Amino acid sequence: MVKGFALTEAKCHSGKKTAARSHLKKVILAGSPNVGKSLIFNRLSGAYVTVSNYPGTTVEVSRAVARIDGTEYELLDTPGMYSLMPVTDEERVTRDILLSVSPAAAVQVVDARDFERALPLTFQLIEAGLPLILDLNMMDDVQKMGLKLDLKRLETDLGIPVVSTIATNGSGVEELKKKLARFLNQHG
């Protein structure tokens with residue numbers, strides 16, 4: 001138990017609990033609710049976790065050990081948030097984790113269909129000095145809408161790594177792992 005929130009250990013494919021280790025560098029997944037953070041968490045860690053955040057219940061943060069480019073990191077899946085200026089207990093917990101844990105990397109998972117709505121949080125995370133990667137998830141829906149997103153230009157404009165994924169089928173997750181590995185080698 002850490003300062004007002006519960007940590008849930010994930011179970012890996014074999015059903016065994018993963019031993020999240022406090023000495024490991026942290027990679028934190030953050031973003032608005034319902035953008036696929038837990039699916040990305042599952043894909044990065046090989047763990048399957050269902051986290052529900054309902055008003056009046058204990059706020060849970062799932063954790064697992066993820067191997068990225070041969071190095072183990074503690075991966076944290078935080079409750080959804082819209083801003084670093086929290087309104088709910090879930091947002092307060094996520095903000096506290098992001099600002100107190102000193103992560104090796106934070107991955108903001110956003111709904112690519114409407115990523116402009118997530119940009120205020122992106123700017124807040126950048127201004128807070130967090131080592132940030134932006135993951136535009138749900139790219140299959142963007143493609144179905146006939147839209148194209150210029151990831152390279154977005155990377156240049158924001159000054160942070162940007163990757164696209166489809167968490168439901170795993171598309172782009174290997175690229176996220178590669179980009180995360182390069183980022184961690186440079187910054188972590």
# chains A, B, ... in the order shown; residues from 1 in each chain; ligands from 1

call {"tool": "residues_around", "arguments": {"residues": "region 75-85 of chain A", "least_positions_apart": "2", "cutoff": "9 Å", "atoms": "only C-alpha atoms", "output": "mmCIF file with N, CA and C atoms, in the first residue's frame"}}
result
data_model
loop_
_atom_site.group_PDB
_atom_site.id
_atom_site.type_symbol
_atom_site.label_atom_id
_atom_site.label_comp_id
_atom_site.auth_asym_id
_atom_site.auth_seq_id
_atom_site.Cartn_x
_atom_site.Cartn_y
_atom_site.Cartn_z
ATOM 1 N N LEU A 7 -2.071 -1.184 -4.768
ATOM 2 C CA LEU A 7 -1.374 -1.705 -5.940
ATOM 3 C C LEU A 7 -1.799 -3.148 -6.138
ATOM 4 N N ALA A 20 6.349 -7.720 -8.734
ATOM 5 C CA ALA A 20 6.743 -6.342 -8.997
ATOM 6 C C ALA A 20 7.796 -5.976 -7.951
ATOM 7 N N LYS A 25 13.377 0.406 -12.059
ATOM 8 C CA LYS A 25 12.950 1.686 -12.610
ATOM 9 C C LYS A 25 11.507 1.539 -13.083
ATOM 10 N N LYS A 26 10.770 2.634 -13.014
ATOM 11 C CA LYS A 26 9.342 2.600 -13.308
ATOM 12 C C LYS A 26 9.022 3.148 -14.696
ATOM 13 N N VAL A 27 8.052 2.504 -15.339
ATOM 14 C CA VAL A 27 7.425 3.004 -16.562
ATOM 15 C C VAL A 27 5.947 3.129 -16.216
ATOM 16 N N ILE A 28 5.422 4.346 -16.364
ATOM 17 C CA ILE A 28 4.047 4.617 -15.957
ATOM 18 C C ILE A 28 3.182 4.878 -17.183
ATOM 19 N N LEU A 29 2.048 4.186 -17.243
ATOM 20 C CA LEU A 29 1.057 4.436 -18.284
ATOM 21 C C LEU A 29 0.022 5.404 -17.723
ATOM 22 N N ALA A 30 -0.241 6.468 -18.459
ATOM 23 C CA ALA A 30 -1.204 7.481 -18.026
ATOM 24 C C ALA A 30 -2.060 7.875 -19.216
ATOM 25 N N GLY A 31 -3.161 8.534 -18.944
ATOM 26 C CA GLY A 31 -4.037 9.024 -19.994
ATOM 27 C C GLY A 31 -5.469 9.052 -19.525
ATOM 28 N N SER A 32 -6.329 9.547 -20.371
ATOM 29 C CA SER A 32 -7.753 9.642 -20.058
ATOM 30 C C SER A 32 -8.353 8.252 -19.889
ATOM 31 N N PRO A 33 -9.518 8.164 -19.259
ATOM 32 C CA PRO A 33 -10.191 6.863 -19.164
ATOM 33 C C PRO A 33 -10.580 6.347 -20.554
ATOM 34 N N ASN A 34 -10.628 5.041 -20.687
ATOM 35 C CA ASN A 34 -11.150 4.366 -21.888
ATOM 36 C C ASN A 34 -10.360 4.639 -23.162
ATOM 37 N N VAL A 35 -9.043 4.729 -23.027
ATOM 38 C CA VAL A 35 -8.197 4.923 -24.211
ATOM 39 C C VAL A 35 -7.345 3.697 -24.508
ATOM 40 N N LYS A 37 -5.325 2.020 -21.998
ATOM 41 C CA LYS A 37 -4.125 1.895 -21.159
ATOM 42 C C LYS A 37 -3.940 0.470 -20.645
ATOM 43 N N SER A 38 -5.019 -0.137 -20.182
ATOM 44 C CA SER A 38 -4.901 -1.491 -19.619
ATOM 45 C C SER A 38 -4.547 -2.516 -20.688
ATOM 46 N N ILE A 40 -2.704 -1.842 -23.381
ATOM 47 C CA ILE A 40 -1.274 -1.589 -23.622
ATOM 48 C C ILE A 40 -0.458 -2.191 -22.486
ATOM 49 N N PHE A 41 -0.915 -2.025 -21.247
ATOM 50 C CA PHE A 41 -0.265 -2.628 -20.080
ATOM 51 C C PHE A 41 -0.147 -4.136 -20.271
ATOM 52 N N LEU A 44 2.425 -4.961 -23.028
ATOM 53 C CA LEU A 44 3.820 -4.707 -22.643
ATOM 54 C C LEU A 44 4.313 -5.691 -21.585
ATOM 55 N N SER A 45 3.415 -6.117 -20.713
ATOM 56 C CA SER A 45 3.844 -6.952 -19.585
ATOM 57 C C SER A 45 3.557 -8.437 -19.771
ATOM 58 N N VAL A 51 -9.054 -3.705 -14.321
ATOM 59 C CA VAL A 51 -9.102 -2.697 -13.275
ATOM 60 C C VAL A 51 -10.371 -1.893 -13.472
ATOM 61 N N SER A 52 -11.175 -1.814 -12.427
ATOM 62 C CA SER A 52 -12.386 -1.000 -12.488
ATOM 63 C C SER A 52 -12.269 0.116 -11.474
ATOM 64 N N ASN A 53 -12.574 1.307 -11.888
ATOM 65 C CA ASN A 53 -12.527 2.460 -10.997
ATOM 66 C C ASN A 53 -13.928 3.059 -10.919
ATOM 67 N N VAL A 59 -9.209 3.062 -5.112
ATOM 68 C CA VAL A 59 -8.528 3.339 -6.376
ATOM 69 C C VAL A 59 -7.398 2.333 -6.515
ATOM 70 N N GLU A 60 -7.366 1.608 -7.623
ATOM 71 C CA GLU A 60 -6.335 0.597 -7.830
ATOM 72 C C GLU A 60 -5.364 1.015 -8.915
ATOM 73 N N VAL A 61 -4.128 0.667 -8.695
ATOM 74 C CA VAL A 61 -3.081 0.865 -9.687
ATOM 75 C C VAL A 61 -2.470 -0.506 -9.932
ATOM 76 N N SER A 62 -2.554 -0.982 -11.165
ATOM 77 C CA SER A 62 -1.999 -2.300 -11.473
ATOM 78 C C SER A 62 -0.522 -2.168 -11.773
ATOM 79 N N ARG A 63 0.236 -3.186 -11.400
ATOM 80 C CA ARG A 63 1.671 -3.177 -11.668
ATOM 81 C C ARG A 63 2.109 -4.566 -12.089
ATOM 82 N N ALA A 64 3.164 -4.580 -12.870
ATOM 83 C CA ALA A 64 3.751 -5.842 -13.330
ATOM 84 C C ALA A 64 5.193 -5.546 -13.715
ATOM 85 N N VAL A 65 5.946 -6.596 -13.903
ATOM 86 C CA VAL A 65 7.306 -6.440 -14.391
ATOM 87 C C VAL A 65 7.267 -6.639 -15.902
ATOM 88 N N ALA A 66 7.841 -5.674 -16.615
ATOM 89 C CA ALA A 66 7.908 -5.760 -18.075
ATOM 90 C C ALA A 66 9.371 -5.808 -18.483
ATOM 91 N N TYR A 73 11.626 -3.612 -15.975
ATOM 92 C CA TYR A 73 11.089 -2.369 -15.432
ATOM 93 C C TYR A 73 9.788 -2.696 -14.720
ATOM 94 N N VAL A 87 -9.563 16.458 -10.182
ATOM 95 C CA VAL A 87 -10.917 16.691 -9.710
ATOM 96 C C VAL A 87 -11.381 15.480 -8.904
ATOM 97 N N THR A 88 -10.970 14.281 -9.332
ATOM 98 C CA THR A 88 -11.398 13.038 -8.676
ATOM 99 C C THR A 88 -10.241 12.416 -7.891
ATOM 100 N N GLU A 90 -9.215 9.414 -8.345
ATOM 101 C CA GLU A 90 -8.420 8.680 -9.321
ATOM 102 C C GLU A 90 -7.369 9.590 -9.954
ATOM 103 N N GLU A 91 -7.796 10.787 -10.348
ATOM 104 C CA GLU A 91 -6.853 11.738 -10.948
ATOM 105 C C GLU A 91 -5.786 12.159 -9.952
ATOM 106 N N ARG A 92 -6.180 12.336 -8.702
ATOM 107 C CA ARG A 92 -5.227 12.733 -7.662
ATOM 108 C C ARG A 92 -4.169 11.644 -7.466
ATOM 109 N N VAL A 93 -4.602 10.390 -7.441
ATOM 110 C CA VAL A 93 -3.668 9.278 -7.277
ATOM 111 C C VAL A 93 -2.690 9.235 -8.450
ATOM 112 N N THR A 94 -3.212 9.346 -9.670
ATOM 113 C CA THR A 94 -2.345 9.304 -10.851
ATOM 114 C C THR A 94 -1.356 10.456 -10.841
ATOM 115 N N ARG A 95 -1.830 11.664 -10.539
ATOM 116 C CA ARG A 95 -0.924 12.815 -10.465
ATOM 117 C C ARG A 95 0.170 12.584 -9.431
ATOM 118 N N ILE A 97 1.373 9.789 -8.292
ATOM 119 C CA ILE A 97 2.321 8.777 -8.767
ATOM 120 C C ILE A 97 3.280 9.395 -9.775
ATOM 121 N N ALA A 118 -6.605 15.384 -25.847
ATOM 122 C CA ALA A 118 -5.610 14.925 -24.876
ATOM 123 C C ALA A 118 -4.408 15.857 -24.803
ATOM 124 N N PRO A 120 -3.927 19.039 -23.973
ATOM 125 C CA PRO A 120 -3.671 19.819 -22.752
ATOM 126 C C PRO A 120 -2.934 19.003 -21.682
ATOM 127 N N LEU A 121 -3.323 17.741 -21.498
ATOM 128 C CA LEU A 121 -2.609 16.882 -20.545
ATOM 129 C C LEU A 121 -1.184 16.619 -21.037
ATOM 130 N N THR A 122 -1.021 16.410 -22.331
ATOM 131 C CA THR A 122 0.311 16.192 -22.902
ATOM 132 C C THR A 122 1.225 17.369 -22.553
ATOM 133 N N GLN A 124 0.870 19.520 -20.123
ATOM 134 C CA GLN A 124 1.106 19.549 -18.682
ATOM 135 C C GLN A 124 2.192 18.554 -18.283
ATOM 136 N N LEU A 125 2.156 17.360 -18.872
ATOM 137 C CA LEU A 125 3.158 16.336 -18.555
ATOM 138 C C LEU A 125 4.545 16.769 -19.032
#

call {"tool": "select_by_dssp", "arguments": {"residues": "region 43-154 of chain A", "states": "strand (DSSP E or B)", "output": "PyMOL selection string"}}
result
chain A and resi 47-48+60-68+71-77+105-111+132-137

call {"tool": "closest_residue", "arguments": {"among": "A:Asp157, A:Leu24, A:Gly46, A:Leu176", "to": "Thr71 (chain A)", "atoms": "only C-alpha atoms"}}
result
A:Leu24

call {"tool": "closest_atom_pairs", "arguments": {"of": "region 119-153 of chain A", "to": "region 179-186 of chain A", "cutoff": "10 Å", "atoms": "only C-alpha atoms", "output": "tab-separated table"}}
result
residue	atom	partner	partner_atom	distance
A:Pro131	CA	A:Phe183	CA	8.6
A:Leu132	CA	A:Phe183	CA	9.0
A:Ile133	CA	A:Leu180	CA	7.6

call {"tool": "write_last_selection", "arguments": {"atoms": "N, CA and C atoms", "output": "PDB file, in the first residue's frame"}}
result
ATOM      1  N   PRO A 131       9.600  12.388 -18.425  1.00  0.00           N
ATOM      2  CA  PRO A 131      10.146  11.762 -19.635  1.00  0.00           C
ATOM      3  C   PRO A 131       9.010  11.058 -20.378  1.00  0.00           C
ATOM      4  N   LEU A 132       8.458  11.716 -21.386  1.00  0.00           N
ATOM      5  CA  LEU A 132       7.174  11.327 -21.960  1.00  0.00           C
ATOM      6  C   LEU A 132       7.273  10.770 -23.372  1.00  0.00           C
ATOM      7  N   ILE A 133       6.472   9.734 -23.612  1.00  0.00           N
ATOM      8  CA  ILE A 133       6.229   9.180 -24.941  1.00  0.00           C
ATOM      9  C   ILE A 133       4.717   9.246 -25.158  1.00  0.00           C
TER      10      ILE A 133
END

call {"tool": "select_by_dssp", "arguments": {"residues": "region 80-110 of chain A", "states": "helix (DSSP H, G or I)", "output": "compact mmCIF listing (two decimals) with C-alpha atoms, in the first residue's frame"}}
result
# COMPACT_ATOMS: atom_id res chain seq x y z
CA ASP A 89 -9.55 10.72 -6.30
CA GLU A 90 -8.42 8.68 -9.32
CA GLU A 91 -6.85 11.74 -10.95
CA ARG A 92 -5.23 12.73 -7.66
CA VAL A 93 -3.67 9.28 -7.28
CA THR A 94 -2.35 9.30 -10.85
CA ARG A 95 -0.92 12.81 -10.47
CA ASP A 96 0.75 11.86 -7.18
CA ILE A 97 2.32 8.78 -8.77
CA LEU A 98 3.56 10.68 -11.81
CA LEU A 99 5.09 13.48 -9.74
CA SER A 100 6.49 11.45 -6.85

call {"tool": "atom_distance", "arguments": {"atom1": "CA of Gly70 (chain A)", "atom2": "CA of Leu151 (chain A)"}}
result
26.7 Å

call {"tool": "residues_around", "arguments": {"residues": "Lys144 (chain A)", "least_positions_apart": "6", "cutoff": "12 Å", "atoms": "only C-alpha atoms", "output": "list of chain:residue names"}}
result
A:Ala112, A:Arg113, A:Met138

call {"tool": "closest_residue", "arguments": {"among": "A:Ala105, A:Val173, A:Leu119, A:Ala128", "to": "Leu158 (chain A)", "atoms": "only C-alpha atoms"}}
result
A:Leu119

call {"tool": "residues_around", "arguments": {"residues": "Ala167 (chain A)", "least_positions_apart": "2", "cutoff": "7 Å", "atoms": "only C-alpha atoms", "output": "PyMOL selection string"}}
result
chain A and resi 36+39-40+137-138+165+169-171

call {"tool": "atom_distance", "arguments": {"atom1": "CA of Leu136 (chain A)", "atom2": "CA of Ile160 (chain A)"}}
result
12.7 Å

call {"tool": "atom_distance", "arguments": {"atom1": "CA of Glu116 (chain A)", "atom2": "CA of Val162 (chain A)"}}
result
13.9 Å
